[in-house]
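Enquirer: This is run_19.cif, which holds mmCIF, C-alpha atoms:
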data_entry
#
loop_
_atom_site.group_PDB
_atom_site.id
_atom_site.type_symbol
_atom_site.label_atom_id
_atom_site.label_comp_id
_atom_site.auth_asym_id
_atom_site.auth_seq_id
_atom_site.Cartn_x
_atom_site.Cartn_y
_atom_site.Cartn_z
ATOM 1 C CA MET A 1 -3.557 162.188 103.901
ATOM 2 C CA VAL A 2 -0.721 161.952 106.379
ATOM 3 C CA LYS A 3 -1.760 159.678 109.185
ATOM 4 C CA GLN A 4 -1.758 160.664 112.837
ATOM 5 C CA THR A 5 0.743 157.854 113.446
ATOM 6 C CA PHE A 6 3.378 159.969 111.692
ATOM 7 C CA PHE A 7 2.647 163.049 113.793
ATOM 8 C CA ASN A 8 2.822 160.939 116.965
ATOM 9 C CA LEU A 9 6.385 159.784 116.207
ATOM 10 C CA PRO A 10 9.244 160.985 118.382
ATOM 11 C CA ASP A 11 10.779 164.132 116.873
ATOM 12 C CA GLU A 12 14.057 162.411 115.969
ATOM 13 C CA LYS A 13 12.313 159.670 113.978
ATOM 14 C CA LYS A 14 9.906 162.108 112.343
ATOM 15 C CA GLN A 15 12.916 164.199 111.292
ATOM 16 C CA ARG A 16 14.696 161.143 109.835
ATOM 17 C CA VAL A 17 11.649 160.309 107.743
ATOM 18 C CA THR A 18 11.205 163.924 106.629
ATOM 19 C CA THR A 19 14.886 164.175 105.692
ATOM 20 C CA ALA A 20 14.630 160.958 103.676
ATOM 21 C CA LEU A 21 11.536 162.311 101.907
ATOM 22 C CA LEU A 22 13.336 165.555 101.119
ATOM 23 C CA HIS A 23 16.321 163.699 99.728
ATOM 24 C CA GLU A 24 14.167 161.393 97.587
ATOM 25 C CA PHE A 25 11.825 164.032 96.208
ATOM 26 C CA SER A 26 14.643 166.523 95.593
ATOM 27 C CA ASN A 27 16.538 164.032 93.485
ATOM 28 C CA HIS A 28 13.790 162.061 91.729
ATOM 29 C CA PRO A 29 10.605 163.172 89.970
ATOM 30 C CA LEU A 30 7.511 161.822 91.712
ATOM 31 C CA PRO A 31 6.867 159.083 89.104
ATOM 32 C CA ASP A 32 10.429 157.786 89.658
ATOM 33 C CA ALA A 33 10.446 158.045 93.467
ATOM 34 C CA GLN A 34 10.784 154.832 95.444
ATOM 35 C CA VAL A 35 9.558 153.849 98.873
ATOM 36 C CA ALA A 36 12.552 151.472 99.076
ATOM 37 C CA ARG A 37 15.062 154.336 99.026
ATOM 38 C CA ILE A 38 13.062 156.356 101.547
ATOM 39 C CA VAL A 39 12.741 153.542 104.086
ATOM 40 C CA LYS A 40 16.397 152.604 103.712
ATOM 41 C CA GLU A 41 17.594 156.156 104.354
ATOM 42 C CA ALA A 42 15.070 156.740 107.160
ATOM 43 C CA GLU A 43 15.944 153.358 108.708
ATOM 44 C CA ILE A 44 12.310 152.304 109.005
ATOM 45 C CA ALA A 45 10.403 149.237 107.845
ATOM 46 C CA ARG A 46 8.497 149.435 104.559
ATOM 47 C CA GLY A 47 5.272 148.712 106.443
ATOM 48 C CA ALA A 48 5.948 151.691 108.704
ATOM 49 C CA PHE A 49 5.985 153.992 105.686
ATOM 50 C CA TYR A 50 2.420 152.924 104.914
ATOM 51 C CA LYS A 51 1.422 153.479 108.537
ATOM 52 C CA TYR A 52 2.521 157.108 108.095
ATOM 53 C CA PHE A 53 1.406 157.831 104.505
ATOM 54 C CA ASP A 54 -1.139 156.378 102.095
ATOM 55 C CA ASP A 55 1.386 156.326 99.259
ATOM 56 C CA LEU A 56 4.251 158.286 97.685
ATOM 57 C CA THR A 57 1.934 161.040 96.490
ATOM 58 C CA ASP A 58 0.653 161.499 100.031
ATOM 59 C CA ALA A 59 4.223 161.711 101.375
ATOM 60 C CA TYR A 60 5.170 164.137 98.603
ATOM 61 C CA THR A 61 2.180 166.373 99.269
ATOM 62 C CA TYR A 62 3.020 166.467 102.976
ATOM 63 C CA LEU A 63 6.605 167.504 102.239
ATOM 64 C CA TYR A 64 5.666 170.073 99.607
ATOM 65 C CA GLU A 65 3.143 171.739 101.919
ATOM 66 C CA LYS A 66 5.746 171.771 104.692
ATOM 67 C CA ALA A 67 8.210 173.441 102.312
ATOM 68 C CA ILE A 68 5.710 176.128 101.336
ATOM 69 C CA GLN A 69 4.978 176.830 105.020
ATOM 70 C CA ASP A 70 8.681 177.011 105.859
ATOM 71 C CA ILE A 71 9.408 179.336 102.924
ATOM 72 C CA HIS A 72 6.583 181.587 104.222
ATOM 73 C CA ILE A 73 5.324 182.953 100.950
ATOM 74 C CA THR A 74 1.826 183.601 99.766
ATOM 75 C CA MET A 75 0.809 184.670 96.306
ATOM 76 C CA GLN A 76 -2.679 185.720 97.342
ATOM 77 C CA PRO A 77 -3.177 188.922 95.383
ATOM 78 C CA THR A 78 -4.917 192.015 96.584
ATOM 79 C CA ARG A 79 -8.312 192.813 95.089
ATOM 80 C CA LYS A 80 -6.839 195.408 92.736
ATOM 81 C CA PHE A 81 -4.254 194.418 90.156
ATOM 82 C CA ASP A 82 -0.821 195.625 91.267
ATOM 83 C CA PRO A 83 2.213 194.804 89.083
ATOM 84 C CA ASP A 84 4.639 195.569 91.908
ATOM 85 C CA PHE A 85 2.869 193.124 94.215
ATOM 86 C CA PHE A 86 3.340 190.245 91.777
ATOM 87 C CA TYR A 87 6.900 191.176 90.945
ATOM 88 C CA GLU A 88 7.925 191.497 94.597
ATOM 89 C CA ARG A 89 6.189 188.234 95.579
ATOM 90 C CA VAL A 90 7.899 186.284 92.798
ATOM 91 C CA CYS A 91 11.311 187.784 93.607
ATOM 92 C CA THR A 92 10.817 187.023 97.301
ATOM 93 C CA PHE A 93 9.701 183.466 96.530
ATOM 94 C CA VAL A 94 12.691 182.849 94.266
ATOM 95 C CA ASP A 95 15.116 184.371 96.799
ATOM 96 C CA GLN A 96 13.710 182.536 99.806
ATOM 97 C CA THR A 97 13.517 179.269 97.930
ATOM 98 C CA GLY A 98 17.058 179.683 96.638
ATOM 99 C CA SER A 99 18.439 179.991 100.143
ATOM 100 C CA SER A 100 16.335 177.248 101.719
ATOM 101 C CA LYS A 101 16.910 173.545 102.195
ATOM 102 C CA TYR A 102 13.932 173.067 99.875
ATOM 103 C CA LYS A 103 15.584 174.602 96.806
ATOM 104 C CA ALA A 104 16.023 171.305 94.919
ATOM 105 C CA LEU A 105 12.546 170.125 95.944
ATOM 106 C CA MET A 106 10.895 173.308 94.677
ATOM 107 C CA LYS A 107 12.824 173.132 91.415
ATOM 108 C CA MET A 108 11.783 169.489 90.969
ATOM 109 C CA HIS A 109 8.187 170.446 91.799
ATOM 110 C CA MET A 110 7.986 173.284 89.305
ATOM 111 C CA LEU A 111 9.771 171.472 86.489
ATOM 112 C CA HIS A 112 8.437 167.922 86.911
ATOM 113 C CA ASN A 113 6.072 167.144 89.758
ATOM 114 C CA GLU A 114 3.337 169.725 89.664
ATOM 115 C CA ALA A 115 1.645 168.109 86.678
ATOM 116 C CA ALA A 116 2.190 164.629 88.171
ATOM 117 C CA LEU A 117 -0.056 165.318 91.162
ATOM 118 C CA PRO A 118 -3.563 163.945 90.640
ATOM 119 C CA GLY A 119 -6.078 166.715 90.117
ATOM 120 C CA SER A 120 -3.580 169.560 90.452
ATOM 121 C CA MET A 121 -4.071 170.902 86.935
ATOM 122 C CA LYS A 122 -7.867 170.905 87.322
ATOM 123 C CA THR A 123 -7.668 172.606 90.729
ATOM 124 C CA ASN A 124 -5.268 175.192 89.347
ATOM 125 C CA SER A 125 -7.561 175.829 86.372
ATOM 126 C CA GLU A 126 -10.602 176.257 88.615
ATOM 127 C CA GLN A 127 -8.759 178.773 90.799
ATOM 128 C CA LEU A 128 -7.568 180.760 87.796
ATOM 129 C CA LEU A 129 -11.065 180.893 86.261
ATOM 130 C CA ASN A 130 -12.295 182.875 89.258
ATOM 131 C CA MET A 131 -9.809 185.690 88.647
ATOM 132 C CA THR A 132 -10.027 188.832 86.578
ATOM 133 C CA PRO A 133 -8.134 188.614 83.275
ATOM 134 C CA GLU A 134 -5.349 190.786 84.732
ATOM 135 C CA MET A 135 -4.959 188.585 87.818
ATOM 136 C CA TRP A 136 -5.132 185.434 85.687
ATOM 137 C CA SER A 137 -2.404 186.762 83.384
ATOM 138 C CA ALA A 138 -0.188 187.746 86.297
ATOM 139 C CA MET A 139 -0.594 184.384 88.041
ATOM 140 C CA VAL A 140 0.180 182.446 84.862
ATOM 141 C CA LEU A 141 3.204 184.647 84.176
ATOM 142 C CA SER A 142 4.349 184.305 87.798
ATOM 143 C CA HIS A 143 4.325 180.556 87.465
ATOM 144 C CA GLU A 144 6.169 180.650 84.153
ATOM 145 C CA VAL A 145 8.888 183.019 85.323
ATOM 146 C CA ILE A 146 9.514 180.888 88.415
ATOM 147 C CA ASN A 147 9.881 177.874 86.120
ATOM 148 C CA SER A 148 12.264 179.840 83.901
ATOM 149 C CA VAL A 149 14.395 180.992 86.825
ATOM 150 C CA PHE A 150 14.675 177.449 88.186
ATOM 151 C CA ALA A 151 15.371 175.946 84.762
ATOM 152 C CA ASP A 152 17.819 178.656 83.663
ATOM 153 C CA PRO A 153 19.385 180.410 86.671
ATOM 154 C CA ASP A 154 22.002 182.096 84.466
ATOM 155 C CA ASN A 155 19.252 184.223 82.906
ATOM 156 C CA ARG A 156 17.411 184.940 86.128
ATOM 157 C CA GLU A 157 17.695 188.729 85.938
ATOM 158 C CA LYS A 158 16.665 188.854 82.279
ATOM 159 C CA ASN A 159 13.631 186.684 82.973
ATOM 160 C CA LEU A 160 12.602 188.756 85.993
ATOM 161 C CA LYS A 161 13.050 191.991 84.023
ATOM 162 C CA ARG A 162 10.840 190.689 81.209
ATOM 163 C CA PHE A 163 8.298 189.532 83.813
ATOM 164 C CA LYS A 164 8.143 193.012 85.344
ATOM 165 C CA GLU A 165 7.771 194.628 81.917
ATOM 166 C CA SER A 166 4.966 192.201 81.079
ATOM 167 C CA LEU A 167 3.140 192.966 84.319
ATOM 168 C CA TYR A 168 3.200 196.683 83.486
ATOM 169 C CA LEU A 169 1.877 195.947 79.982
ATOM 170 C CA ILE A 170 -1.019 194.045 81.564
ATOM 171 C CA ASP A 171 -1.664 196.953 83.916
ATOM 172 C CA LYS A 172 -1.540 199.478 81.072
ATOM 173 C CA GLY A 173 -3.904 197.352 78.969
ATOM 174 C CA SER A 174 -6.410 197.008 81.794
ATOM 175 C CA LYS A 175 -6.726 200.791 82.143
ATOM 176 C CA LYS A 176 -7.812 201.379 78.546
#
How does this structure look as C-alpha coordinates?
Expert:
Amino acid sequence: MVKQTFFNLPDEKKQRVTTALLHEFSNHPLPDAQVARIVKEAEIARGAFYKYFDDLTDAYTYLYEKAIQDIHITMQPTRKFDPDFFYERVCTFVDQTGSSKYKALMKMHMLHNEAALPGSMKTNSEQLLNMTPEMWSAMVLSHEVINSVFADPDNREKNLKRFKESLYLIDKGSKK
(Lines of atoms letter the chains of each structure in order from A and count residues from 1; the text may use other names and numbers.)
(Lines give C-alpha, C1' and ligand atoms only; values in the text may rest on other atoms or scores of the structure.)
Protein backbone atom coordinates (compact mmCIF):
# COMPACT_ATOMS: atom_id res chain seq x y z
CA MET A 1 0.00 0.00 0.00
CA VAL A 2 1.29 3.43 -0.90
CA LYS A 3 2.41 5.16 2.25
CA GLN A 4 1.12 8.52 3.40
CA THR A 5 4.70 9.81 3.17
CA PHE A 6 4.37 9.71 -0.62
CA PHE A 7 1.10 11.64 -0.63
CA ASN A 8 2.63 14.25 1.69
CA LEU A 9 5.46 15.02 -0.75
CA PRO A 10 5.56 18.38 -2.51
CA ASP A 11 3.78 18.13 -5.87
CA GLU A 12 6.98 18.57 -7.89
CA LYS A 13 8.73 15.68 -6.14
CA LYS A 14 5.65 13.47 -6.26
CA GLN A 15 5.44 14.15 -10.00
CA ARG A 16 9.13 13.26 -10.50
CA VAL A 17 8.61 9.94 -8.75
CA THR A 18 5.40 9.23 -10.68
CA THR A 19 7.10 10.07 -13.98
CA ALA A 20 10.00 7.76 -13.12
CA LEU A 21 7.53 4.98 -12.26
CA LEU A 22 5.71 5.51 -15.54
CA HIS A 23 8.94 5.37 -17.50
CA GLU A 24 10.13 2.21 -15.72
CA PHE A 25 6.87 0.29 -15.87
CA SER A 26 6.18 1.32 -19.47
CA ASN A 27 9.51 -0.02 -20.62
CA HIS A 28 10.08 -3.06 -18.39
CA PRO A 29 7.77 -5.89 -17.33
CA LEU A 30 7.21 -5.90 -13.58
CA PRO A 31 9.58 -8.85 -12.93
CA ASP A 32 12.37 -6.94 -14.72
CA ALA A 33 11.70 -3.53 -13.15
CA GLN A 34 14.40 -2.04 -10.95
CA VAL A 35 14.23 0.32 -8.01
CA ALA A 36 17.73 1.53 -9.00
CA ARG A 37 16.49 2.98 -12.30
CA ILE A 38 13.46 4.58 -10.66
CA VAL A 39 15.43 6.32 -7.91
CA LYS A 40 18.07 7.50 -10.35
CA GLU A 41 15.52 9.06 -12.69
CA ALA A 42 13.44 10.49 -9.83
CA GLU A 43 16.60 11.82 -8.14
CA ILE A 44 15.69 10.32 -4.77
CA ALA A 45 17.54 8.05 -2.37
CA ARG A 46 16.84 4.31 -2.51
CA GLY A 47 15.65 4.45 1.10
CA ALA A 48 13.14 7.14 0.16
CA PHE A 49 11.54 4.78 -2.35
CA TYR A 50 10.80 2.37 0.50
CA LYS A 51 9.40 5.20 2.60
CA TYR A 52 6.86 5.77 -0.19
CA PHE A 53 6.12 2.19 -1.32
CA ASP A 54 6.42 -1.27 0.21
CA ASP A 55 8.04 -2.66 -2.92
CA LEU A 56 7.95 -2.53 -6.73
CA THR A 57 4.58 -4.26 -6.88
CA ASP A 58 3.13 -1.64 -4.55
CA ALA A 59 4.53 1.17 -6.73
CA TYR A 60 3.23 -0.55 -9.86
CA THR A 61 -0.24 -1.00 -8.42
CA TYR A 62 -0.36 2.67 -7.43
CA LEU A 63 0.59 3.75 -10.95
CA TYR A 64 -1.77 1.33 -12.68
CA GLU A 65 -4.72 2.47 -10.57
CA LYS A 66 -3.81 6.09 -11.29
CA ALA A 67 -3.76 5.30 -15.01
CA ILE A 68 -7.18 3.67 -14.89
CA GLN A 69 -8.59 6.69 -13.03
CA ASP A 70 -7.04 9.11 -15.52
CA ILE A 71 -8.33 7.14 -18.51
CA HIS A 72 -11.82 7.32 -16.91
CA ILE A 73 -13.22 4.03 -18.10
CA THR A 74 -15.35 1.51 -16.33
CA MET A 75 -16.35 -1.87 -17.64
CA GLN A 76 -19.09 -2.37 -15.08
CA PRO A 77 -21.87 -3.92 -17.15
CA THR A 78 -25.53 -3.23 -16.81
CA ARG A 79 -27.70 -5.97 -15.33
CA LYS A 80 -28.94 -7.06 -18.75
CA PHE A 81 -26.51 -8.32 -21.36
CA ASP A 82 -26.00 -5.64 -24.03
CA PRO A 83 -23.54 -6.33 -26.88
CA ASP A 84 -23.35 -2.65 -27.80
CA PHE A 85 -22.39 -1.71 -24.25
CA PHE A 86 -19.38 -4.03 -24.29
CA TYR A 87 -18.34 -3.06 -27.78
CA GLU A 88 -18.55 0.67 -27.07
CA ARG A 89 -16.71 0.35 -23.74
CA VAL A 90 -13.85 -1.61 -25.31
CA CYS A 91 -13.57 0.83 -28.24
CA THR A 92 -13.60 3.78 -25.84
CA PHE A 93 -10.98 2.14 -23.61
CA VAL A 94 -8.71 1.39 -26.57
CA ASP A 95 -9.14 4.91 -27.99
CA GLN A 96 -8.61 6.71 -24.69
CA THR A 97 -5.66 4.54 -23.80
CA GLY A 98 -4.13 5.03 -27.23
CA SER A 99 -4.14 8.79 -26.84
CA SER A 100 -2.99 8.89 -23.22
CA LYS A 101 0.43 9.09 -21.63
CA TYR A 102 -0.34 5.64 -20.21
CA LYS A 103 -0.48 3.86 -23.57
CA ALA A 104 2.81 1.96 -23.14
CA LEU A 105 2.00 1.16 -19.50
CA MET A 106 -1.41 -0.28 -20.38
CA LYS A 107 0.09 -2.33 -23.21
CA MET A 108 2.77 -3.66 -20.85
CA HIS A 109 0.09 -4.41 -18.25
CA MET A 110 -2.16 -6.34 -20.60
CA LEU A 111 0.62 -8.27 -22.32
CA HIS A 112 2.98 -8.95 -19.40
CA ASN A 113 2.15 -7.59 -15.97
CA GLU A 114 -1.41 -8.56 -15.23
CA ALA A 115 -0.48 -12.17 -14.51
CA ALA A 116 2.61 -11.05 -12.55
CA LEU A 117 0.55 -9.31 -9.86
CA PRO A 118 0.08 -11.52 -6.80
CA GLY A 119 -3.48 -12.75 -6.50
CA SER A 120 -4.75 -10.97 -9.61
CA MET A 121 -5.72 -14.13 -11.47
CA LYS A 122 -7.63 -15.48 -8.46
CA THR A 123 -9.42 -12.15 -7.91
CA ASN A 124 -10.31 -11.97 -11.59
CA SER A 125 -11.62 -15.55 -11.52
CA GLU A 126 -13.75 -14.86 -8.44
CA GLN A 127 -15.28 -11.78 -10.07
CA LEU A 128 -16.05 -13.65 -13.28
CA LEU A 129 -17.70 -16.55 -11.41
CA ASN A 130 -20.37 -14.19 -10.11
CA MET A 131 -21.51 -13.26 -13.62
CA THR A 132 -24.08 -14.78 -15.92
CA PRO A 133 -22.57 -16.89 -18.71
CA GLU A 134 -23.25 -14.08 -21.21
CA MET A 135 -21.53 -11.45 -19.04
CA TRP A 136 -18.64 -13.83 -18.33
CA SER A 137 -18.17 -14.48 -22.05
CA ALA A 138 -18.29 -10.78 -22.89
CA MET A 139 -15.79 -9.85 -20.16
CA VAL A 140 -13.36 -12.57 -21.22
CA LEU A 141 -13.69 -11.55 -24.87
CA SER A 142 -13.28 -7.87 -23.93
CA HIS A 143 -10.01 -8.66 -22.23
CA GLU A 144 -8.79 -10.76 -25.15
CA VAL A 145 -9.64 -8.21 -27.81
CA ILE A 146 -7.87 -5.46 -25.86
CA ASN A 147 -4.81 -7.72 -25.69
CA SER A 148 -5.07 -8.37 -29.43
CA VAL A 149 -5.38 -4.68 -30.28
CA PHE A 150 -2.34 -3.81 -28.15
CA ALA A 151 -0.29 -6.73 -29.47
CA ASP A 152 -1.30 -6.26 -33.12
CA PRO A 153 -2.41 -2.67 -33.80
CA ASP A 154 -2.32 -3.23 -37.57
CA ASN A 155 -5.31 -5.57 -37.25
CA ARG A 156 -7.22 -3.44 -34.77
CA GLU A 157 -10.33 -2.99 -36.92
CA LYS A 158 -10.50 -6.68 -37.85
CA ASN A 159 -10.20 -7.70 -34.21
CA LEU A 160 -12.86 -5.21 -33.09
CA LYS A 161 -15.19 -6.34 -35.89
CA ARG A 162 -14.81 -9.99 -34.86
CA PHE A 163 -15.37 -8.96 -31.23
CA LYS A 164 -18.64 -7.23 -32.12
CA GLU A 165 -19.80 -10.22 -34.17
CA SER A 166 -18.98 -12.53 -31.26
CA LEU A 167 -20.92 -10.37 -28.81
CA TYR A 168 -24.00 -10.60 -31.04
CA LEU A 169 -23.59 -14.39 -31.27
CA ILE A 170 -23.56 -14.53 -27.46
CA ASP A 171 -26.67 -12.36 -27.34
CA LYS A 172 -28.45 -14.50 -29.94
CA GLY A 173 -27.52 -17.69 -28.07
CA SER A 174 -28.79 -16.35 -24.76
CA LYS A 175 -32.25 -15.69 -26.22
CA LYS A 176 -32.86 -19.28 -27.30
Enquirer: Using all atoms listed in the file, can you tell me which of A:Val39, A:Leu129, A:Val140, A:Val90 comes closest to Lys13 of chain A?
Expert: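 Nearest to Lys13 of chain A: A:Val39.
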Enquirer: Would you mind reading off the distance between atom CA of His28 of chain A and atom CA of Asn8 of chain A, one decimal, in Å?
Expert: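 If I compute the distance from atom CA of His28 of chain A to atom CA of Asn8 of chain A, I get 27.5 Å.
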Enquirer: One decimal, Å: what's the distance from atom CA of Ser26 of chain A over to atom CA of Ala104 of chain A, could you say?
Expert: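 These atoms are spaced 5.0 Å apart.
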Enquirer: From the set A:Lys51, A:Arg46, A:Arg89, A:Lys66, which residue has the shortest atom-to-atom contact distance to Lys164 of chain A, counting all atoms listed in the file?
Expert: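 Smallest separation from Lys164 of chain A among the options: A:Arg89.
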Enquirer: Quick one: of A:Pro118, A:Gly47, A:Pro83, A:Gly98, who's nearest to Leu30 of chain A, counting only C-alpha atoms?
Expert: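 Using only C-alpha atoms, Leu30 of chain A sits closest to A:Pro118.
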Enquirer: Evaluated on this file, the PyMOL selection byres ((chain A and resi 22) around 10) picks out some residues - which ones are they, written as a PyMOL selection string?
Expert: chain A and resi 16-21+23-27+38+59-60+63-64+67+101-102+104-105
Enquirer: Figure out the distance between atom CA of Ser137 of chain A and atom CA of Arg162 of chain A, please, to one decimal in Å.
Expert: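 Between atom CA of Arg162 of chain A and atom CA of Ser137 of chain A the gap is 14.0 Å.
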Enquirer: If you count only C-alpha atoms, which residues fall within 12 Å of Ser174 of chain A, apart from same-chain ones fewer than 3 positions away, as a list in words?
Expert: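 The neighbour list is Lys80, Phe81, Asp82, Pro83, Thr132, Pro133, Glu134, Met135, Ser137, Leu167, Tyr168, Leu169, Ile170 and Asp171 of chain A.
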